[in-house]
Amino acid sequence: MATIIDGKAFSANLRGEIARKVEIIKQNHSLTPGLAVVLVGEDPASQVYVRSKGKQTVEAGMNSYEHKLDVSTSQDDLLALIDQLNNDPDVHGILVQLPLPDHIDEEAVINSISVDKDVDGFHLSNVGRLSIGADGIVPCTPLGSLMMLKDHLGDLSGMKAIVVGRSNIVGKPMAALLLKESCTVTIAHSRTRDLPGECRQADIVIAAVGRPEMVKGDWIKPGATVIDVGINRIENEDGTTRLVGDVEFGSAAEVAGAITPVPGGVGPMTIACLLHNTLQQACRLNHVEIPVERGLHQSSLFEVVSVIISSHV
Ligand code: NDP
């Protein structure tokens, strides 16, 4: 039976570490990291995410600025708000909750965010930096997934990894991070031939597909590490609903060496990494070193992330 990688505990540790570092920079540099979250419209799922981000930002000792705009807000008005946040010295991270209403050009909005405040890591410049292995801001979900992998496996160099899914927010940045870690990376998608066979060769399987329980246990190489990014709500026979991942957990856990559950795996890491990125950018923008905690050695979770971000190919 596989080791269960506990994303909830991992995330709580990382957030605790971030809160201690925030306290140090507040005391030593009178600097309080600030995260601005912009929500346009009233999509229920987005509202839940925004609330949760705001709550965890405050719990980490940072300032949270929430901007809730009407669904009919024009693109020009949204861009004007982003411009104001770009120029606000108390704001170190800006996140525009996606999806945006249809009349707004998502790409134009994302690329209007200052590269140094783009804590989602979606700005073209940050995408480019990641693809050449330069310092930048790494998207939160792939970053959280990589942290769990490195914590579990240590050095990933030379391992075969498959990323199932090629989206811009998960699949592609995940593949770029694994390449940076010197894995041999396969990116699979809906046109991939013999997906089970491709998966069976991998030491690391990342599932980011958005299809409930698609990856089966007999697709997994014995002992492989499985990171399930998928979050799918499905209906039970009695009409209630539950969350499942993109991996069939029961059968995969019998074969894998380690696996993340859904819920409680990658999900909780995403907001923790958003806080990490905000703290990192508050420090970078103010030319302050990210504090290293006395007594914690280099392998602390936070240092793992910092090493991931600053390592070059
Ligand atoms: P997208 O829908 O943007 O991308 C899905 C990818 O899966 C596409 O590249 C698609 O291929 C591929 N795909 C679809 N069907 C198949 C198939 N049958 N075989 C192989 N590949 C297939 O999804 P996201 O990347 O945004 O999200 C993926 C999952 O991760 C979702 O469940 C989402 O909810 C979850 N998620 C979780 C987060 C978290 O915090 N834990 C954050 C973000 C996402 P093609 O390109 O060929 O169409």
# chains A, B, ... in the order shown; residues from 1 in each chain; ligands from 1

call {"tool": "closest_atom_pairs", "arguments": {"of": "chain A", "to": "ligand 1", "cutoff": "6 Å", "atoms": "only C-alpha atoms and all ligand atoms", "output": "tab-separated table"}}
result
residue	atom	partner	partner_atom_place_in_ligand_line	distance
A:Thr141	CA	ligand 1	40 (O)	5.3
A:Val164	CA	ligand 1	21 (N)	5.7
A:Gly165	CA	ligand 1	7 (O)	3.6
A:Arg166	CA	ligand 1	9 (O)	3.7
A:Ser167	CA	ligand 1	25 (O)	4.4
A:Ile169	CA	ligand 1	25 (O)	5.9
A:Val170	CA	ligand 1	25 (O)	4.8
A:Gly171	CA	ligand 1	25 (O)	5.8
A:His189	CA	ligand 1	21 (N)	3.5
A:Ser190	CA	ligand 1	21 (N)	3.7
A:Arg191	CA	ligand 1	47 (O)	5.6
A:Ala208	CA	ligand 1	28 (C)	4.0
A:Val209	CA	ligand 1	7 (O)	3.5
A:Gly210	CA	ligand 1	32 (O)	3.2
A:Val229	CA	ligand 1	30 (O)	4.7
A:Gly230	CA	ligand 1	32 (O)	3.4
A:Ile231	CA	ligand 1	32 (O)	4.2
A:Asn232	CA	ligand 1	32 (O)	5.5
A:Val266	CA	ligand 1	41 (N)	4.8
A:Gly267	CA	ligand 1	41 (N)	3.7
A:Thr270	CA	ligand 1	40 (O)	5.0

call {"tool": "write_last_selection", "arguments": {"atoms": "C-alpha atoms", "output": "mmCIF file, in the first residue's frame"}}
result
data_model
loop_
_atom_site.group_PDB
_atom_site.id
_atom_site.type_symbol
_atom_site.label_atom_id
_atom_site.label_comp_id
_atom_site.auth_asym_id
_atom_site.auth_seq_id
_atom_site.Cartn_x
_atom_site.Cartn_y
_atom_site.Cartn_z
ATOM 1 C CA THR A 141 -0.285 24.504 -8.092
ATOM 2 C CA VAL A 164 -0.943 14.149 -18.127
ATOM 3 C CA GLY A 165 -2.486 17.458 -19.239
ATOM 4 C CA ARG A 166 -0.906 20.402 -21.061
ATOM 5 C CA SER A 167 -2.783 23.434 -19.747
ATOM 6 C CA ILE A 169 -1.750 26.876 -15.581
ATOM 7 C CA VAL A 170 -0.828 23.319 -14.538
ATOM 8 C CA GLY A 171 0.515 20.896 -17.155
ATOM 9 C CA HIS A 189 -2.726 15.087 -23.655
ATOM 10 C CA SER A 190 -5.959 14.093 -25.321
ATOM 11 C CA ARG A 191 -4.193 13.047 -28.546
ATOM 12 C CA ALA A 208 -3.904 17.218 -14.344
ATOM 13 C CA VAL A 209 -6.698 16.305 -16.697
ATOM 14 C CA GLY A 210 -10.031 17.253 -15.153
ATOM 15 C CA VAL A 229 -3.923 17.539 -9.259
ATOM 16 C CA GLY A 230 -7.496 16.894 -10.376
ATOM 17 C CA ILE A 231 -10.477 18.194 -8.448
ATOM 18 C CA ASN A 232 -13.766 16.791 -9.747
ATOM 19 C CA VAL A 266 -2.355 19.205 -3.920
ATOM 20 C CA GLY A 267 -5.384 21.441 -3.203
ATOM 21 C CA THR A 270 -1.983 25.933 -3.809
#

call {"tool": "select_by_dssp", "arguments": {"residues": "segment 41-91 of chain A", "states": "helix (DSSP H, G or I)", "output": "ChimeraX atom specification"}}
result
/A:44-59,75-86

call {"tool": "select_by_dssp", "arguments": {"residues": "segment 144-175 of chain A", "states": "strand (DSSP E)", "output": "list in words"}}
result
Lys160, Ala161, Ile162, Val163 and Val164 of chain A

call {"tool": "closest_residue", "arguments": {"among": "A:Val48, A:Val163, A:Val38, A:Leu177", "to": "Ser64 of chain A", "atoms": "only C-alpha atoms"}}
result
A:Val38

call {"tool": "residues_around", "arguments": {"residues": "segment 146-160 of chain A", "least_positions_apart": "6", "cutoff": "9 Å", "atoms": "only C-alpha atoms", "output": "number ranges by chain"}}
result
A: 5-7, 10, 174, 177-179, 181-186, 201-205, 225-227, 258, 260, 266, 269, 299, 301, 304-305, 308

call {"tool": "write_last_selection", "arguments": {"atoms": "C-alpha atoms", "output": "PDB file, in the first residue's frame"}}
result
ATOM      1  CA  ILE A   5       1.341  12.276   0.980  1.00  0.00           C
ATOM      2  CA  ASP A   6      -0.567  14.529   3.367  1.00  0.00           C
ATOM      3  CA  GLY A   7      -0.984  17.873   1.596  1.00  0.00           C
ATOM      4  CA  PHE A  10       2.373  19.861   4.503  1.00  0.00           C
ATOM      5  CA  MET A 174       4.684  21.447 -14.104  1.00  0.00           C
ATOM      6  CA  LEU A 177       9.686  22.509 -13.302  1.00  0.00           C
ATOM      7  CA  LEU A 178      10.347  18.779 -13.640  1.00  0.00           C
ATOM      8  CA  LEU A 179      12.702  19.443 -16.536  1.00  0.00           C
ATOM      9  CA  GLU A 181      14.880  19.199 -11.790  1.00  0.00           C
ATOM     10  CA  SER A 182      16.545  17.118 -14.548  1.00  0.00           C
ATOM     11  CA  CYS A 183      13.730  14.616 -14.967  1.00  0.00           C
ATOM     12  CA  THR A 184      13.094  13.051 -18.365  1.00  0.00           C
ATOM     13  CA  VAL A 185       9.653  14.484 -19.014  1.00  0.00           C
ATOM     14  CA  THR A 186       6.766  13.277 -21.156  1.00  0.00           C
ATOM     15  CA  GLN A 201       7.058   3.823 -17.810  1.00  0.00           C
ATOM     16  CA  ALA A 202       7.048   6.740 -15.378  1.00  0.00           C
ATOM     17  CA  ASP A 203       8.630   6.985 -11.929  1.00  0.00           C
ATOM     18  CA  ILE A 204       6.506  10.096 -11.352  1.00  0.00           C
ATOM     19  CA  VAL A 205       2.933  10.522 -12.611  1.00  0.00           C
ATOM     20  CA  THR A 225       4.980   8.461  -7.005  1.00  0.00           C
ATOM     21  CA  VAL A 226       1.581   9.796  -8.063  1.00  0.00           C
ATOM     22  CA  ILE A 227       0.533  13.443  -7.726  1.00  0.00           C
ATOM     23  CA  ALA A 258       3.309   7.199  -2.709  1.00  0.00           C
ATOM     24  CA  THR A 260      -1.597  12.358  -2.922  1.00  0.00           C
ATOM     25  CA  VAL A 266      -2.355  19.205  -3.920  1.00  0.00           C
ATOM     26  CA  MET A 269      -0.753  23.474  -1.189  1.00  0.00           C
ATOM     27  CA  SER A 299      15.917  21.376   4.289  1.00  0.00           C
ATOM     28  CA  LEU A 301      10.018  23.421   3.619  1.00  0.00           C
ATOM     29  CA  VAL A 304      13.092  23.697  -0.383  1.00  0.00           C
ATOM     30  CA  VAL A 305      10.838  26.130  -2.271  1.00  0.00           C
ATOM     31  CA  ILE A 308      13.488  25.152  -6.408  1.00  0.00           C
TER      32      ILE A 308
END

call {"tool": "closest_residue", "arguments": {"among": "A:Arg129, A:His92, A:Arg211, A:Lys68", "to": "Glu42 of chain A", "atoms": "only C-alpha atoms"}}
result
A:Lys68

call {"tool": "decode", "arguments": {"residues": "segment 59-92 of chain A", "atoms": "N, CA, C and O atoms", "output": "compact mmCIF listing (two decimals), in the first residue's frame"}}
result
# COMPACT_ATOMS: atom_id res chain seq x y z
N GLU A 59 -4.25 35.13 8.31
CA GLU A 59 -3.68 34.20 9.31
C GLU A 59 -2.16 34.14 9.23
O GLU A 59 -1.50 33.87 10.22
N ALA A 60 -1.61 34.38 8.03
CA ALA A 60 -0.14 34.38 7.89
C ALA A 60 0.47 35.72 8.31
O ALA A 60 1.68 35.91 8.21
N GLY A 61 -0.37 36.65 8.76
CA GLY A 61 0.14 37.95 9.24
C GLY A 61 0.28 38.98 8.14
O GLY A 61 0.86 40.05 8.34
N MET A 62 -0.24 38.66 6.95
CA MET A 62 -0.10 39.60 5.83
C MET A 62 -1.37 40.46 5.70
O MET A 62 -2.40 40.14 6.28
N ASN A 63 -1.26 41.53 4.92
CA ASN A 63 -2.45 42.33 4.62
C ASN A 63 -3.18 41.74 3.42
O ASN A 63 -2.54 41.35 2.43
N SER A 64 -4.50 41.67 3.54
CA SER A 64 -5.31 41.16 2.43
C SER A 64 -6.21 42.28 1.94
O SER A 64 -6.89 42.93 2.72
N TYR A 65 -6.15 42.54 0.64
CA TYR A 65 -7.01 43.57 0.04
C TYR A 65 -7.92 42.89 -0.96
O TYR A 65 -7.44 42.33 -1.95
N GLU A 66 -9.23 42.91 -0.67
CA GLU A 66 -10.17 42.25 -1.59
C GLU A 66 -10.91 43.30 -2.41
O GLU A 66 -11.43 44.27 -1.86
N HIS A 67 -10.95 43.10 -3.72
CA HIS A 67 -11.69 44.01 -4.60
C HIS A 67 -12.74 43.20 -5.33
O HIS A 67 -12.41 42.40 -6.20
N LYS A 68 -13.99 43.40 -4.93
CA LYS A 68 -15.09 42.65 -5.56
C LYS A 68 -15.81 43.58 -6.53
O LYS A 68 -16.36 44.60 -6.11
N LEU A 69 -15.78 43.24 -7.79
CA LEU A 69 -16.35 44.09 -8.82
C LEU A 69 -17.59 43.44 -9.43
O LEU A 69 -17.67 42.20 -9.51
N ASP A 70 -18.49 44.29 -9.86
CA ASP A 70 -19.72 43.81 -10.48
C ASP A 70 -19.40 43.06 -11.78
O ASP A 70 -18.43 43.37 -12.47
N VAL A 71 -20.25 42.07 -12.11
CA VAL A 71 -20.04 41.25 -13.31
C VAL A 71 -20.00 42.10 -14.59
O VAL A 71 -19.38 41.73 -15.58
N SER A 72 -20.65 43.29 -14.54
CA SER A 72 -20.71 44.14 -15.74
C SER A 72 -19.52 45.10 -15.83
O SER A 72 -19.46 45.93 -16.75
N THR A 73 -18.57 45.00 -14.91
CA THR A 73 -17.39 45.88 -14.94
C THR A 73 -16.71 45.82 -16.31
O THR A 73 -16.51 44.73 -16.86
N SER A 74 -16.35 46.99 -16.83
CA SER A 74 -15.71 47.00 -18.16
C SER A 74 -14.23 46.61 -18.03
O SER A 74 -13.63 46.73 -16.96
N GLN A 75 -13.68 46.16 -19.13
CA GLN A 75 -12.26 45.80 -19.14
C GLN A 75 -11.39 47.02 -18.77
O GLN A 75 -10.43 46.90 -18.03
N ASP A 76 -11.77 48.19 -19.28
CA ASP A 76 -11.00 49.41 -18.98
C ASP A 76 -10.98 49.69 -17.48
O ASP A 76 -9.95 50.07 -16.92
N ASP A 77 -12.13 49.52 -16.84
CA ASP A 77 -12.18 49.78 -15.39
C ASP A 77 -11.33 48.76 -14.62
O ASP A 77 -10.66 49.10 -13.65
N LEU A 78 -11.36 47.52 -15.09
CA LEU A 78 -10.55 46.48 -14.43
C LEU A 78 -9.05 46.81 -14.61
O LEU A 78 -8.26 46.72 -13.66
N LEU A 79 -8.69 47.20 -15.82
CA LEU A 79 -7.28 47.54 -16.09
C LEU A 79 -6.85 48.76 -15.26
O LEU A 79 -5.70 48.82 -14.78
N ALA A 80 -7.78 49.69 -15.05
CA ALA A 80 -7.46 50.88 -14.24
C ALA A 80 -7.19 50.48 -12.79
O ALA A 80 -6.26 50.99 -12.15
N LEU A 81 -7.98 49.53 -12.28
CA LEU A 81 -7.76 49.04 -10.91
C LEU A 81 -6.40 48.35 -10.81
O LEU A 81 -5.64 48.57 -9.86
N ILE A 82 -6.08 47.53 -11.80
CA ILE A 82 -4.79 46.82 -11.77
C ILE A 82 -3.63 47.82 -11.81
O ILE A 82 -2.64 47.67 -11.08
N ASP A 83 -3.78 48.85 -12.61
CA ASP A 83 -2.75 49.88 -12.69
C ASP A 83 -2.54 50.54 -11.32
O ASP A 83 -1.40 50.75 -10.88
N GLN A 84 -3.64 50.79 -10.65
CA GLN A 84 -3.57 51.40 -9.30
C GLN A 84 -2.84 50.44 -8.33
O GLN A 84 -1.98 50.85 -7.57
N LEU A 85 -3.18 49.14 -8.41
CA LEU A 85 -2.54 48.16 -7.52
C LEU A 85 -1.05 47.99 -7.88
O LEU A 85 -0.20 47.82 -7.00
N ASN A 86 -0.75 48.05 -9.18
CA ASN A 86 0.66 47.94 -9.61
C ASN A 86 1.50 49.04 -8.97
O ASN A 86 2.69 48.84 -8.66
N ASN A 87 0.87 50.22 -8.77
CA ASN A 87 1.61 51.37 -8.25
C ASN A 87 1.49 51.55 -6.74
O ASN A 87 2.01 52.52 -6.19
N ASP A 88 0.79 50.63 -6.09
CA ASP A 88 0.59 50.74 -4.64
C ASP A 88 1.74 50.03 -3.91
O ASP A 88 1.86 48.80 -3.99
N PRO A 89 2.57 50.76 -3.17
CA PRO A 89 3.73 50.13 -2.52
C PRO A 89 3.36 49.13 -1.42
O PRO A 89 4.20 48.33 -1.01
N ASP A 90 2.11 49.19 -0.94
CA ASP A 90 1.69 48.24 0.11
C ASP A 90 1.21 46.91 -0.48
O ASP A 90 0.94 45.96 0.25
N VAL A 91 1.07 46.86 -1.79
CA VAL A 91 0.61 45.63 -2.46
C VAL A 91 1.82 44.96 -3.12
O VAL A 91 2.49 45.57 -3.96
N HIS A 92 2.07 43.70 -2.74
CA HIS A 92 3.24 42.98 -3.30
C HIS A 92 2.82 41.82 -4.19
O HIS A 92 3.64 41.24 -4.88
